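Notes for the one structure printed next.
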Amino acid sequence: MRLAGITTATAPDESGAPHHPWWLADVEPEASCSPYVGDQRADVAIVGGGFTGLWTALALKERAPKTDVVLLEAATCGWAASGRNGGAVHGYWSAWPKLPLLVGERRAVEIASLGTVAQDAIREFCVASPVETEFAEEGFAMVATSTAQEAALDGVLDAAPTMPESQRPRVLEADELWRMTRNPTTARGILFPEGGTVQPARLVRALKHACLEAGVRIHETTAVDSIDPEATTLYTSGGRLRARDIVLATNAWMSSLAPIAKHTTNLSSHVVVTEPMPEIAAKLDLPHGLMIRDSRMFLHWVRRTRDDRFVVGTGAGPLSYGGRVTGPQFRDRRSTNRVINALSTFIPEAAQARFEASWGGAIDLSSDNCPYFATLSGTRIHYGTGYSGHGVNAAWIGGQSLASLALGTSDRWTKSAFCVRDRPRLPPEPARYLGGAAVRRHTIALEDALDEERTPSAPTRAVAALPRLLGIRVGTR
């Protein structure tokens, strides 16, 4: 079994903004852990030093302190998906009412309830951590930035009575929306109580320090070249590591591996960050700790940092063929321009902002839009995939689930829908890529037309409706 090589672009884009996650640049550099060398043994070997790998390592040491855990990271901890996301911390109640359609009502309640467990645990960790994570909770807002988007809000509100009362969204009044964005066209919105934000790179650092304190052996700049499933052995340029169990926590870089590829595909997210804008921020009641998203299927989102920057992103970036991670997922001019333009739809007064950084990253999307954690058949290799949209909370859930799988524990995690559920199979290649790319392109065109009060073309309407007509829930409006 071979792992795909990891590459990314760091050159500036046309605007001069460095194509590198600003979150990482915002953290003071520290010495990295030494590369792995030699021929050693471990109880559990973890591949990947992002949220999932670090939380898995920490969960293993908390439950079984004598477990020898070795974590191998190809670059530096948090450089990939964990350092490239928006830092939204929220569970799955905000996915209501779509979640029951994807996994069934009973499973949906279980998934959303465990998402709340994750929310509470992340809060507890960040509050107790001696490393500042900039964690703050002010909710999770969903707004309509056009008349066409209001139907999505109506759908959530209609389904709200089926949610626990403590998790139901409340309607944002017009004056609240005005104070948040000073946008006269944003007339409707709702606020979910379960939601917050974190500085992703700072959270990675806090987790890394906690793991080292717990006795986890971390080796950075150590790419895993191949894995022998029968011998449960990892091979690197510096040697080999034999383990009782292996945990693969490499996110989108596993999407091309069988049997994971049957249920997982890749697309990408793209993010931009402005220079500090204290004058604009002072006019807004947009607290640090609140994430705002629009109501499109390929959504846009915005948040404010502690130093009054605006961070804007979208999950509408290019797909990849065969689940492989490719260059356009890290750098795509059209996606970057789309995100830049999205800022004005949220906060018109920030439309002339100077952007200091832009970046992209691969997203692994499961066939039912929920993460999944399992063991490769006939091996002691455990993996997690399908984080799209709920990365921080899903990674904590992944840490608990993968730790249980590695320890051979039958518990609330291994028995949950995150580890046990039937998932639909995606179409084989090349139909998956060609069809997915067409649906993405036409869905974006459809939503653009509706937002601008134009009539979408007949071909655009037909292609955008194709997943629904075929009974595929992912990729539907």
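Chains: A, B, ... in order of the structure tokens. Residues: from 1 per chain. Ligands: from 1, in order shown.
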I'd like to know which residues of segment 252-402 of chain A are strand (DSSP E) (by DSSP, run on the backbone); could you write them as an NGL selection string?
:A and (264-274 or 291-293 or 300-304 or 310-317 or 355-366 or 372-375 or 381-385)
So that I have them on file, write out the residues from the current selection with N, CA and C atoms, as a tab-separated table (two decimals), in the first residue's frame.
```
chain	number	residue	atom	x	y	z
A	264	THR	N	-15.95	8.06	-1.15
A	264	THR	CA	-15.35	9.37	-0.85
A	264	THR	C	-14.79	9.99	-2.12
A	265	THR	N	-14.94	11.29	-2.23
A	265	THR	CA	-14.33	12.02	-3.34
A	265	THR	C	-13.71	13.30	-2.80
A	266	ASN	N	-13.02	14.01	-3.64
A	266	ASN	CA	-12.34	15.25	-3.24
A	266	ASN	C	-12.87	16.45	-4.01
A	267	LEU	N	-13.08	17.54	-3.30
A	267	LEU	CA	-13.19	18.85	-3.92
A	267	LEU	C	-12.28	19.77	-3.13
A	268	SER	N	-12.53	21.07	-3.10
A	268	SER	CA	-11.59	21.93	-2.40
A	268	SER	C	-12.27	23.17	-1.86
A	269	SER	N	-11.64	23.73	-0.83
A	269	SER	CA	-12.09	25.00	-0.27
A	269	SER	C	-11.03	26.05	-0.55
A	270	HIS	N	-11.47	27.31	-0.58
A	270	HIS	CA	-10.55	28.42	-0.85
A	270	HIS	C	-10.89	29.57	0.08
A	271	VAL	N	-9.85	30.21	0.60
A	271	VAL	CA	-10.00	31.20	1.66
A	271	VAL	C	-9.14	32.42	1.35
A	272	VAL	N	-9.63	33.60	1.74
A	272	VAL	CA	-8.84	34.82	1.68
A	272	VAL	C	-8.96	35.54	3.01
A	273	VAL	N	-7.95	36.34	3.34
A	273	VAL	CA	-7.97	37.14	4.57
A	273	VAL	C	-7.55	38.56	4.23
A	274	THR	N	-8.24	39.53	4.82
A	274	THR	CA	-7.95	40.93	4.56
A	274	THR	C	-6.87	41.45	5.51
A	291	MET	N	-19.49	32.76	13.25
A	291	MET	CA	-19.31	32.46	11.83
A	291	MET	C	-20.63	32.71	11.12
A	292	ILE	N	-20.57	33.40	9.99
A	292	ILE	CA	-21.77	33.65	9.19
A	292	ILE	C	-21.61	32.94	7.85
A	293	ARG	N	-22.63	32.22	7.42
A	293	ARG	CA	-22.63	31.58	6.11
A	293	ARG	C	-23.87	32.02	5.36
A	300	HIS	N	-20.77	30.32	0.92
A	300	HIS	CA	-19.70	31.23	1.29
A	300	HIS	C	-19.85	31.53	2.78
A	301	TRP	N	-18.75	31.85	3.42
A	301	TRP	CA	-18.80	32.18	4.84
A	301	TRP	C	-17.84	33.32	5.15
A	302	VAL	N	-18.06	33.97	6.29
A	302	VAL	CA	-17.20	35.06	6.72
A	302	VAL	C	-17.09	35.05	8.24
A	303	ARG	N	-15.96	35.46	8.75
A	303	ARG	CA	-15.75	35.62	10.19
A	303	ARG	C	-14.74	36.75	10.41
A	304	ARG	N	-14.68	37.22	11.65
A	304	ARG	CA	-13.73	38.27	12.01
A	304	ARG	C	-12.68	37.70	12.94
A	310	PHE	N	-11.05	40.31	8.19
A	310	PHE	CA	-12.18	39.50	7.76
A	310	PHE	C	-11.63	38.31	6.97
A	311	VAL	N	-12.07	37.14	7.35
A	311	VAL	CA	-11.68	35.91	6.67
A	311	VAL	C	-12.91	35.39	5.94
A	312	VAL	N	-12.76	35.11	4.65
A	312	VAL	CA	-13.88	34.70	3.81
A	312	VAL	C	-13.50	33.42	3.08
A	313	GLY	N	-14.47	32.51	2.93
A	313	GLY	CA	-14.15	31.26	2.26
A	313	GLY	C	-15.33	30.65	1.55
A	314	THR	N	-15.03	29.62	0.79
A	314	THR	CA	-16.06	28.85	0.08
A	314	THR	C	-15.59	27.42	-0.06
A	315	GLY	N	-16.55	26.50	-0.17
A	315	GLY	CA	-16.23	25.10	-0.42
A	315	GLY	C	-16.48	24.70	-1.85
A	316	ALA	N	-16.49	25.68	-2.77
A	316	ALA	CA	-16.89	25.43	-4.16
A	316	ALA	C	-15.72	25.26	-5.11
A	317	GLY	N	-14.56	24.85	-4.60
A	317	GLY	CA	-13.38	24.71	-5.45
A	317	GLY	C	-13.40	23.47	-6.32
A	355	PHE	N	-6.41	42.36	0.35
A	355	PHE	CA	-6.29	41.00	0.83
A	355	PHE	C	-4.81	40.64	1.01
A	356	GLU	N	-4.49	40.14	2.17
A	356	GLU	CA	-3.09	39.86	2.49
A	356	GLU	C	-2.69	38.42	2.22
A	357	ALA	N	-3.63	37.51	2.14
A	357	ALA	CA	-3.28	36.11	1.88
A	357	ALA	C	-4.47	35.38	1.29
A	358	SER	N	-4.18	34.38	0.49
A	358	SER	CA	-5.21	33.49	-0.03
A	358	SER	C	-4.63	32.09	-0.10
A	359	TRP	N	-5.47	31.10	0.07
A	359	TRP	CA	-4.99	29.72	0.02
A	359	TRP	C	-6.16	28.78	-0.27
A	360	GLY	N	-5.82	27.58	-0.64
A	360	GLY	CA	-6.81	26.55	-0.88
A	360	GLY	C	-6.37	25.25	-0.25
A	361	GLY	N	-7.25	24.28	-0.30
A	361	GLY	CA	-6.93	22.97	0.26
A	361	GLY	C	-7.95	21.94	-0.15
A	362	ALA	N	-7.53	20.69	-0.20
A	362	ALA	CA	-8.42	19.60	-0.58
A	362	ALA	C	-9.38	19.27	0.55
A	363	ILE	N	-10.60	18.91	0.17
A	363	ILE	CA	-11.64	18.48	1.11
A	363	ILE	C	-12.08	17.08	0.73
A	364	ASP	N	-12.13	16.18	1.70
A	364	ASP	CA	-12.67	14.86	1.42
A	364	ASP	C	-14.15	14.85	1.77
A	365	LEU	N	-14.95	14.49	0.80
A	365	LEU	CA	-16.41	14.52	0.93
A	365	LEU	C	-16.95	13.10	0.83
A	366	SER	N	-17.65	12.64	1.87
A	366	SER	CA	-18.20	11.30	1.84
A	366	SER	C	-19.51	11.29	1.07
A	372	TYR	N	-16.73	9.27	8.48
A	372	TYR	CA	-16.83	7.83	8.71
A	372	TYR	C	-15.48	7.33	9.19
A	373	PHE	N	-15.50	6.45	10.20
A	373	PHE	CA	-14.27	5.92	10.80
A	373	PHE	C	-14.39	4.40	10.86
A	374	ALA	N	-13.36	3.71	10.37
A	374	ALA	CA	-13.46	2.26	10.24
A	374	ALA	C	-12.08	1.63	10.19
A	375	THR	N	-12.08	0.31	10.07
A	375	THR	CA	-10.86	-0.47	9.94
A	375	THR	C	-10.84	-1.13	8.58
A	381	ILE	N	-5.42	-1.59	10.42
A	381	ILE	CA	-5.23	-0.22	9.95
A	381	ILE	C	-6.57	0.49	10.00
A	382	HIS	N	-6.63	1.57	10.73
A	382	HIS	CA	-7.87	2.31	10.96
A	382	HIS	C	-7.78	3.67	10.28
A	383	TYR	N	-8.90	4.20	9.85
A	383	TYR	CA	-8.87	5.43	9.08
A	383	TYR	C	-10.13	6.26	9.33
A	384	GLY	N	-10.04	7.52	8.97
A	384	GLY	CA	-11.19	8.42	9.04
A	384	GLY	C	-11.24	9.25	7.78
A	385	THR	N	-12.45	9.53	7.33
A	385	THR	CA	-12.61	10.30	6.09
A	385	THR	C	-13.97	10.98	6.07
```
What lies within 8 Å of segment 187-200 of chain A using only C-alpha atoms, ignoring chain neighbours under 6 positions off, as a PyMOL selection string?
chain A and resi 23+82-91+93-94+116+119+133-145+150+153+166-174+177+288-291
Would you work out the distance separating atom CA of Glu429 of chain A from atom CA of Tyr321 of chain A, expressed in Å to one decimal?
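Going from atom CA of Glu429 of chain A over to atom CA of Tyr321 of chain A, I get 7.6 Å.
Distance check against Tyr433 of chain A using only C-alpha atoms: of A:Pro97, A:Pro318, A:Gly389, A:Pro456, the minimum falls on A:Pro318.
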If DSSP is run on the backbone, what residues of segment 151-253 of chain A are alpha helix (DSSP H)? A reply as a short mmCIF file (atom, residue, chain, number, x, y, z; two decimals) with all heavy atoms, in the first residue's frame would be ideal.
```
data_model
loop_
_atom_site.label_atom_id
_atom_site.label_comp_id
_atom_site.auth_asym_id
_atom_site.auth_seq_id
_atom_site.Cartn_x
_atom_site.Cartn_y
_atom_site.Cartn_z
N ALA A 151 -35.58 30.49 0.69
CA ALA A 151 -36.26 29.20 0.78
C ALA A 151 -35.48 28.23 1.68
O ALA A 151 -36.07 27.41 2.39
CB ALA A 151 -36.45 28.60 -0.60
N ALA A 152 -34.15 28.31 1.64
CA ALA A 152 -33.33 27.43 2.48
C ALA A 152 -33.56 27.75 3.96
O ALA A 152 -33.63 26.84 4.79
CB ALA A 152 -31.86 27.58 2.12
N LEU A 153 -33.68 29.02 4.30
CA LEU A 153 -33.96 29.40 5.68
C LEU A 153 -35.33 28.87 6.10
O LEU A 153 -35.51 28.37 7.22
CB LEU A 153 -33.93 30.91 5.84
CG LEU A 153 -32.58 31.62 5.63
CD1 LEU A 153 -32.73 33.10 5.89
CD2 LEU A 153 -31.52 31.04 6.54
N ASP A 154 -36.31 28.99 5.21
CA ASP A 154 -37.66 28.50 5.52
C ASP A 154 -37.63 27.01 5.81
O ASP A 154 -38.33 26.53 6.72
CB ASP A 154 -38.61 28.80 4.36
CG ASP A 154 -38.89 30.27 4.19
OD1 ASP A 154 -38.79 31.01 5.20
OD2 ASP A 154 -39.19 30.69 3.05
N GLY A 155 -36.82 26.26 5.04
CA GLY A 155 -36.74 24.83 5.26
C GLY A 155 -36.19 24.48 6.64
O GLY A 155 -36.68 23.56 7.30
N VAL A 156 -35.18 25.23 7.09
CA VAL A 156 -34.61 24.99 8.41
C VAL A 156 -35.61 25.35 9.50
O VAL A 156 -35.81 24.60 10.46
CB VAL A 156 -33.31 25.80 8.59
CG1 VAL A 156 -32.79 25.65 10.02
CG2 VAL A 156 -32.25 25.33 7.60
N LEU A 157 -36.28 26.47 9.35
CA LEU A 157 -37.25 26.89 10.36
C LEU A 157 -38.44 25.95 10.42
O LEU A 157 -38.97 25.67 11.51
CB LEU A 157 -37.71 28.32 10.06
CG LEU A 157 -36.64 29.40 10.26
CD1 LEU A 157 -37.15 30.75 9.77
CD2 LEU A 157 -36.21 29.49 11.73
N ASP A 158 -38.87 25.43 9.28
CA ASP A 158 -39.98 24.48 9.28
C ASP A 158 -39.61 23.20 10.03
O ASP A 158 -40.47 22.56 10.64
CB ASP A 158 -40.37 24.13 7.84
CG ASP A 158 -41.06 25.28 7.13
OD1 ASP A 158 -41.50 26.22 7.81
OD2 ASP A 158 -41.14 25.24 5.89
N ALA A 159 -38.33 22.81 9.97
CA ALA A 159 -37.89 21.58 10.63
C ALA A 159 -37.44 21.80 12.06
O ALA A 159 -37.22 20.83 12.79
CB ALA A 159 -36.74 20.96 9.83
N ALA A 174 -34.29 42.14 11.81
CA ALA A 174 -33.69 42.96 10.77
C ALA A 174 -32.64 43.92 11.34
O ALA A 174 -31.58 44.13 10.72
CB ALA A 174 -34.77 43.74 10.03
N ASP A 175 -32.91 44.48 12.51
CA ASP A 175 -31.94 45.41 13.07
C ASP A 175 -30.67 44.70 13.54
O ASP A 175 -29.56 45.26 13.48
CB ASP A 175 -32.56 46.21 14.22
CG ASP A 175 -32.99 45.33 15.39
OD1 ASP A 175 -33.37 44.17 15.14
OD2 ASP A 175 -32.93 45.80 16.54
N GLU A 176 -30.79 43.44 13.98
CA GLU A 176 -29.60 42.66 14.34
C GLU A 176 -28.74 42.40 13.12
O GLU A 176 -27.50 42.54 13.18
CB GLU A 176 -30.02 41.32 14.96
CG GLU A 176 -30.62 41.38 16.33
CD GLU A 176 -30.93 40.00 16.85
OE1 GLU A 176 -32.00 39.45 16.51
OE2 GLU A 176 -30.09 39.44 17.59
N LEU A 177 -29.37 42.01 12.02
CA LEU A 177 -28.63 41.75 10.80
C LEU A 177 -27.94 43.02 10.31
O LEU A 177 -26.79 42.97 9.84
CB LEU A 177 -29.57 41.22 9.71
CG LEU A 177 -30.05 39.77 9.90
CD1 LEU A 177 -31.18 39.47 8.93
CD2 LEU A 177 -28.90 38.81 9.70
N TRP A 178 -28.62 44.15 10.43
CA TRP A 178 -28.02 45.41 10.00
C TRP A 178 -26.80 45.73 10.84
O TRP A 178 -25.76 46.13 10.32
CB TRP A 178 -29.05 46.54 10.09
CG TRP A 178 -28.45 47.90 9.89
CD1 TRP A 178 -28.22 48.84 10.84
CD2 TRP A 178 -27.97 48.44 8.65
NE1 TRP A 178 -27.64 49.96 10.28
CE2 TRP A 178 -27.48 49.74 8.94
CE3 TRP A 178 -27.93 47.98 7.35
CZ2 TRP A 178 -26.94 50.56 7.96
CZ3 TRP A 178 -27.39 48.80 6.37
CH2 TRP A 178 -26.90 50.07 6.68
N ARG A 179 -26.90 45.52 12.14
CA ARG A 179 -25.75 45.80 13.01
C ARG A 179 -24.59 44.86 12.73
O ARG A 179 -23.43 45.24 12.85
CB ARG A 179 -26.17 45.70 14.48
CG ARG A 179 -27.12 46.81 14.94
CD ARG A 179 -27.15 46.91 16.46
NE ARG A 179 -27.57 45.66 17.08
CZ ARG A 179 -28.83 45.31 17.34
NH1 ARG A 179 -29.81 46.14 16.99
NH2 ARG A 179 -29.12 44.17 17.92
N MET A 180 -24.88 43.62 12.34
CA MET A 180 -23.82 42.66 12.05
C MET A 180 -23.05 42.99 10.78
O MET A 180 -21.82 42.88 10.72
CB MET A 180 -24.41 41.24 11.88
CG MET A 180 -24.75 40.53 13.14
SD MET A 180 -25.36 38.86 12.72
CE MET A 180 -25.78 38.25 14.36
N THR A 181 -23.78 43.39 9.74
CA THR A 181 -23.16 43.49 8.41
C THR A 181 -23.31 44.85 7.73
O THR A 181 -22.60 45.12 6.76
CB THR A 181 -23.78 42.44 7.47
OG1 THR A 181 -25.17 42.75 7.27
CG2 THR A 181 -23.65 41.04 8.05
N PRO A 200 -7.17 28.08 13.87
CA PRO A 200 -6.79 26.68 13.64
C PRO A 200 -5.34 26.34 13.97
O PRO A 200 -5.06 25.30 14.57
CB PRO A 200 -7.07 26.49 12.14
CG PRO A 200 -8.13 27.49 11.82
CD PRO A 200 -7.81 28.67 12.67
N ALA A 201 -4.40 27.21 13.58
CA ALA A 201 -2.99 26.91 13.83
C ALA A 201 -2.68 26.92 15.32
O ALA A 201 -1.84 26.15 15.80
CB ALA A 201 -2.10 27.91 13.09
N ARG A 202 -3.36 27.78 16.06
CA ARG A 202 -3.15 27.82 17.51
C ARG A 202 -3.74 26.58 18.18
O ARG A 202 -3.18 26.06 19.15
CB ARG A 202 -3.74 29.10 18.09
CG ARG A 202 -3.02 30.36 17.61
CD ARG A 202 -3.54 31.62 18.28
NE ARG A 202 -2.89 32.80 17.74
CZ ARG A 202 -1.69 33.25 18.12
NH1 ARG A 202 -1.01 32.61 19.06
NH2 ARG A 202 -1.17 34.33 17.56
N LEU A 203 -4.87 26.10 17.66
CA LEU A 203 -5.43 24.86 18.20
C LEU A 203 -4.49 23.69 17.93
O LEU A 203 -4.29 22.84 18.80
CB LEU A 203 -6.82 24.60 17.60
CG LEU A 203 -7.49 23.30 18.04
CD1 LEU A 203 -7.62 23.22 19.56
CD2 LEU A 203 -8.86 23.16 17.38
N VAL A 204 -3.92 23.63 16.73
CA VAL A 204 -2.94 22.58 16.42
C VAL A 204 -1.78 22.65 17.41
O VAL A 204 -1.34 21.62 17.94
CB VAL A 204 -2.43 22.72 14.97
CG1 VAL A 204 -1.18 21.85 14.76
CG2 VAL A 204 -3.51 22.31 13.98
N ARG A 205 -1.28 23.85 17.66
CA ARG A 205 -0.15 23.98 18.58
C ARG A 205 -0.53 23.52 19.98
O ARG A 205 0.26 22.83 20.65
CB ARG A 205 0.34 25.43 18.62
CG ARG A 205 1.49 25.64 19.60
CD ARG A 205 2.29 26.87 19.27
NE ARG A 205 2.94 26.76 17.97
CZ ARG A 205 3.81 27.66 17.51
NH1 ARG A 205 4.14 28.72 18.23
NH2 ARG A 205 4.36 27.49 16.32
N ALA A 206 -1.73 23.87 20.43
CA ALA A 206 -2.18 23.45 21.76
C ALA A 206 -2.26 21.93 21.84
O ALA A 206 -1.86 21.31 22.84
CB ALA A 206 -3.53 24.08 22.09
N LEU A 207 -2.78 21.31 20.79
CA LEU A 207 -2.89 19.85 20.76
C LEU A 207 -1.52 19.19 20.71
O LEU A 207 -1.28 18.18 21.39
CB LEU A 207 -3.72 19.42 19.54
CG LEU A 207 -5.22 19.67 19.63
CD1 LEU A 207 -5.88 19.51 18.27
CD2 LEU A 207 -5.86 18.72 20.64
N LYS A 208 -0.63 19.75 19.91
CA LYS A 208 0.72 19.19 19.82
C LYS A 208 1.42 19.24 21.17
O LYS A 208 2.04 18.25 21.60
CB LYS A 208 1.52 19.96 18.76
CG LYS A 208 2.95 19.48 18.59
CD LYS A 208 3.67 20.32 17.53
CE LYS A 208 5.15 19.98 17.46
NZ LYS A 208 5.86 20.82 16.44
N HIS A 209 1.33 20.36 21.86
CA HIS A 209 1.96 20.48 23.17
C HIS A 209 1.35 19.50 24.16
O HIS A 209 2.06 18.90 24.98
CB HIS A 209 1.84 21.91 23.68
CG HIS A 209 2.80 22.86 23.03
ND1 HIS A 209 3.45 23.86 23.70
CD2 HIS A 209 3.22 22.95 21.74
CE1 HIS A 209 4.23 24.54 22.87
NE2 HIS A 209 4.10 24.01 21.68
N ALA A 210 0.02 19.34 24.11
CA ALA A 210 -0.65 18.40 25.01
C ALA A 210 -0.21 16.97 24.74
O ALA A 210 -0.02 16.18 25.68
CB ALA A 210 -2.17 18.53 24.87
N CYS A 211 -0.03 16.62 23.47
CA CYS A 211 0.42 15.27 23.11
C CYS A 211 1.84 15.02 23.62
O CYS A 211 2.14 13.97 24.18
CB CYS A 211 0.35 15.08 21.60
SG CYS A 211 -1.33 14.83 20.95
N LEU A 212 2.72 15.99 23.40
CA LEU A 212 4.10 15.83 23.86
C LEU A 212 4.15 15.71 25.38
O LEU A 212 4.91 14.89 25.92
CB LEU A 212 4.95 17.01 23.39
CG LEU A 212 5.21 17.09 21.87
CD1 LEU A 212 5.86 18.42 21.52
CD2 LEU A 212 6.08 15.92 21.40
N GLU A 213 3.32 16.49 26.05
CA GLU A 213 3.27 16.43 27.51
C GLU A 213 2.78 15.06 27.97
O GLU A 213 3.21 14.56 29.03
CB GLU A 213 2.35 17.53 28.03
CG GLU A 213 2.26 17.61 29.55
CD GLU A 213 3.54 18.13 30.20
OE1 GLU A 213 4.34 18.76 29.50
OE2 GLU A 213 3.71 17.88 31.41
N ALA A 214 1.89 14.45 27.18
CA ALA A 214 1.34 13.13 27.54
C ALA A 214 2.27 11.99 27.18
O ALA A 214 1.99 10.84 27.53
CB ALA A 214 -0.01 12.94 26.85
#
```
Name the residues in contact with Ala395 of chain A at a cut-off of 10 Å, using only C-alpha atoms, excluding same-chain residues fewer than 2 positions from it; report them as an NGL selection string.
:A and (50-56 or 82 or 118 or 249 or 251 or 371 or 384-385 or 387 or 390-393 or 397-401)
Would you write out those residues with N, CA and C atoms, as a PDB file, in the first residue's frame?
```pdb
ATOM      1  N   GLY A  50      -2.492  16.439  11.890  1.00  0.00           N
ATOM      2  CA  GLY A  50      -3.533  17.460  11.961  1.00  0.00           C
ATOM      3  C   GLY A  50      -4.430  17.221  13.162  1.00  0.00           C
ATOM      4  N   PHE A  51      -5.610  17.844  13.148  1.00  0.00           N
ATOM      5  CA  PHE A  51      -6.542  17.698  14.273  1.00  0.00           C
ATOM      6  C   PHE A  51      -6.820  16.237  14.596  1.00  0.00           C
ATOM      7  N   THR A  52      -7.149  15.438  13.578  1.00  0.00           N
ATOM      8  CA  THR A  52      -7.547  14.058  13.833  1.00  0.00           C
ATOM      9  C   THR A  52      -6.407  13.245  14.430  1.00  0.00           C
ATOM     10  N   GLY A  53      -5.223  13.323  13.815  1.00  0.00           N
ATOM     11  CA  GLY A  53      -4.104  12.560  14.335  1.00  0.00           C
ATOM     12  C   GLY A  53      -3.743  12.950  15.757  1.00  0.00           C
ATOM     13  N   LEU A  54      -3.724  14.248  16.032  1.00  0.00           N
ATOM     14  CA  LEU A  54      -3.358  14.725  17.364  1.00  0.00           C
ATOM     15  C   LEU A  54      -4.414  14.361  18.398  1.00  0.00           C
ATOM     16  N   TRP A  55      -5.691  14.511  18.044  1.00  0.00           N
ATOM     17  CA  TRP A  55      -6.742  14.149  19.003  1.00  0.00           C
ATOM     18  C   TRP A  55      -6.789  12.638  19.219  1.00  0.00           C
ATOM     19  N   THR A  56      -6.482  11.852  18.199  1.00  0.00           N
ATOM     20  CA  THR A  56      -6.406  10.402  18.385  1.00  0.00           C
ATOM     21  C   THR A  56      -5.288  10.055  19.357  1.00  0.00           C
ATOM     22  N   SER A  82      -5.932  20.942   8.472  1.00  0.00           N
ATOM     23  CA  SER A  82      -6.188  21.563   9.770  1.00  0.00           C
ATOM     24  C   SER A  82      -5.730  23.008   9.833  1.00  0.00           C
ATOM     25  N   ALA A 118     -18.898  16.743  21.132  1.00  0.00           N
ATOM     26  CA  ALA A 118     -17.629  17.281  20.630  1.00  0.00           C
ATOM     27  C   ALA A 118     -17.498  18.762  20.935  1.00  0.00           C
ATOM     28  N   ALA A 249      -4.588   9.213   9.399  1.00  0.00           N
ATOM     29  CA  ALA A 249      -5.297  10.474   9.656  1.00  0.00           C
ATOM     30  C   ALA A 249      -4.808  11.523   8.673  1.00  0.00           C
ATOM     31  N   ASN A 251      -6.627  12.651   6.004  1.00  0.00           N
ATOM     32  CA  ASN A 251      -7.694  13.435   5.399  1.00  0.00           C
ATOM     33  C   ASN A 251      -7.843  13.114   3.917  1.00  0.00           C
ATOM     34  N   PRO A 371     -18.792  12.245   8.227  1.00  0.00           N
ATOM     35  CA  PRO A 371     -17.529  11.525   8.381  1.00  0.00           C
ATOM     36  C   PRO A 371     -17.749  10.064   8.743  1.00  0.00           C
ATOM     37  N   GLY A 384     -10.037   7.520   8.974  1.00  0.00           N
ATOM     38  CA  GLY A 384     -11.186   8.420   9.039  1.00  0.00           C
ATOM     39  C   GLY A 384     -11.244   9.255   7.785  1.00  0.00           C
ATOM     40  N   THR A 385     -12.453   9.533   7.326  1.00  0.00           N
ATOM     41  CA  THR A 385     -12.611  10.297   6.089  1.00  0.00           C
ATOM     42  C   THR A 385     -13.969  10.983   6.072  1.00  0.00           C
ATOM     43  N   TYR A 387     -14.698  14.679   6.149  1.00  0.00           N
ATOM     44  CA  TYR A 387     -14.824  15.737   7.152  1.00  0.00           C
ATOM     45  C   TYR A 387     -15.561  16.984   6.677  1.00  0.00           C
ATOM     46  N   HIS A 390     -17.541  20.219   8.672  1.00  0.00           N
ATOM     47  CA  HIS A 390     -17.579  20.167  10.140  1.00  0.00           C
ATOM     48  C   HIS A 390     -16.224  19.721  10.683  1.00  0.00           C
ATOM     49  N   GLY A 391     -15.158  20.219  10.060  1.00  0.00           N
ATOM     50  CA  GLY A 391     -13.837  19.679  10.301  1.00  0.00           C
ATOM     51  C   GLY A 391     -13.367  19.646  11.732  1.00  0.00           C
ATOM     52  N   VAL A 392     -13.527  20.737  12.491  1.00  0.00           N
ATOM     53  CA  VAL A 392     -12.981  20.769  13.848  1.00  0.00           C
ATOM     54  C   VAL A 392     -13.719  19.772  14.729  1.00  0.00           C
ATOM     55  N   ASN A 393     -15.051  19.840  14.748  1.00  0.00           N
ATOM     56  CA  ASN A 393     -15.812  18.905  15.572  1.00  0.00           C
ATOM     57  C   ASN A 393     -15.668  17.476  15.083  1.00  0.00           C
ATOM     58  N   ILE A 397     -14.368  13.999  17.101  1.00  0.00           N
ATOM     59  CA  ILE A 397     -15.112  12.737  17.054  1.00  0.00           C
ATOM     60  C   ILE A 397     -14.233  11.636  16.465  1.00  0.00           C
ATOM     61  N   GLY A 398     -13.478  11.989  15.412  1.00  0.00           N
ATOM     62  CA  GLY A 398     -12.569  11.029  14.813  1.00  0.00           C
ATOM     63  C   GLY A 398     -11.518  10.556  15.788  1.00  0.00           C
ATOM     64  N   GLY A 399     -10.994  11.469  16.605  1.00  0.00           N
ATOM     65  CA  GLY A 399     -10.001  11.079  17.599  1.00  0.00           C
ATOM     66  C   GLY A 399     -10.539  10.046  18.570  1.00  0.00           C
ATOM     67  N   GLN A 400     -11.773  10.247  19.031  1.00  0.00           N
ATOM     68  CA  GLN A 400     -12.385   9.291  19.951  1.00  0.00           C
ATOM     69  C   GLN A 400     -12.652   7.959  19.261  1.00  0.00           C
ATOM     70  N   SER A 401     -13.192   8.019  18.049  1.00  0.00           N
ATOM     71  CA  SER A 401     -13.546   6.795  17.322  1.00  0.00           C
ATOM     72  C   SER A 401     -12.312   5.986  16.955  1.00  0.00           C
TER      73      SER A 401
END
```
Which residues are near Thr345 of chain A? Cut-off 8 Å, only C-alpha atoms, ignore same chain within fewer than 3 positions. Put them as a PyMOL selection string.
chain A and resi 145+183+341-342+348
Selected residue of minimal separation from Leu434 of chain A among A:Asn369, A:Ser320, A:Thr460, A:Thr379, counting only C-alpha atoms:
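Among the listed residues, A:Ser320 lies closest to Leu434 of chain A.
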Shortest interatomic distance to Ala464 of chain A - which of A:Arg440, A:Leu450, A:Arg380, A:Pro161, counting only C-alpha atoms
A:Arg440
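The gap separating atom CA of Ala148 of chain A from atom CA of Ala449 of chain A is 9.5 Å, in Å to one decimal.
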Could you work out how far atom CA of Pro424 of chain A lies from atom CA of Leu319 of chain A, giving the answer in Å with one decimal?
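Going from atom CA of Leu319 of chain A over to atom CA of Pro424 of chain A covers 19.0 Å.
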List the spatial neighbours of Asp245 of chain A as JSON, numbers by chain - criterion: any atom at most 7 Å away, only C-alpha atoms, same-chain residues fewer than 3 positions off excluded.
{"A": [43, 44, 45, 232, 380, 381, 406]}
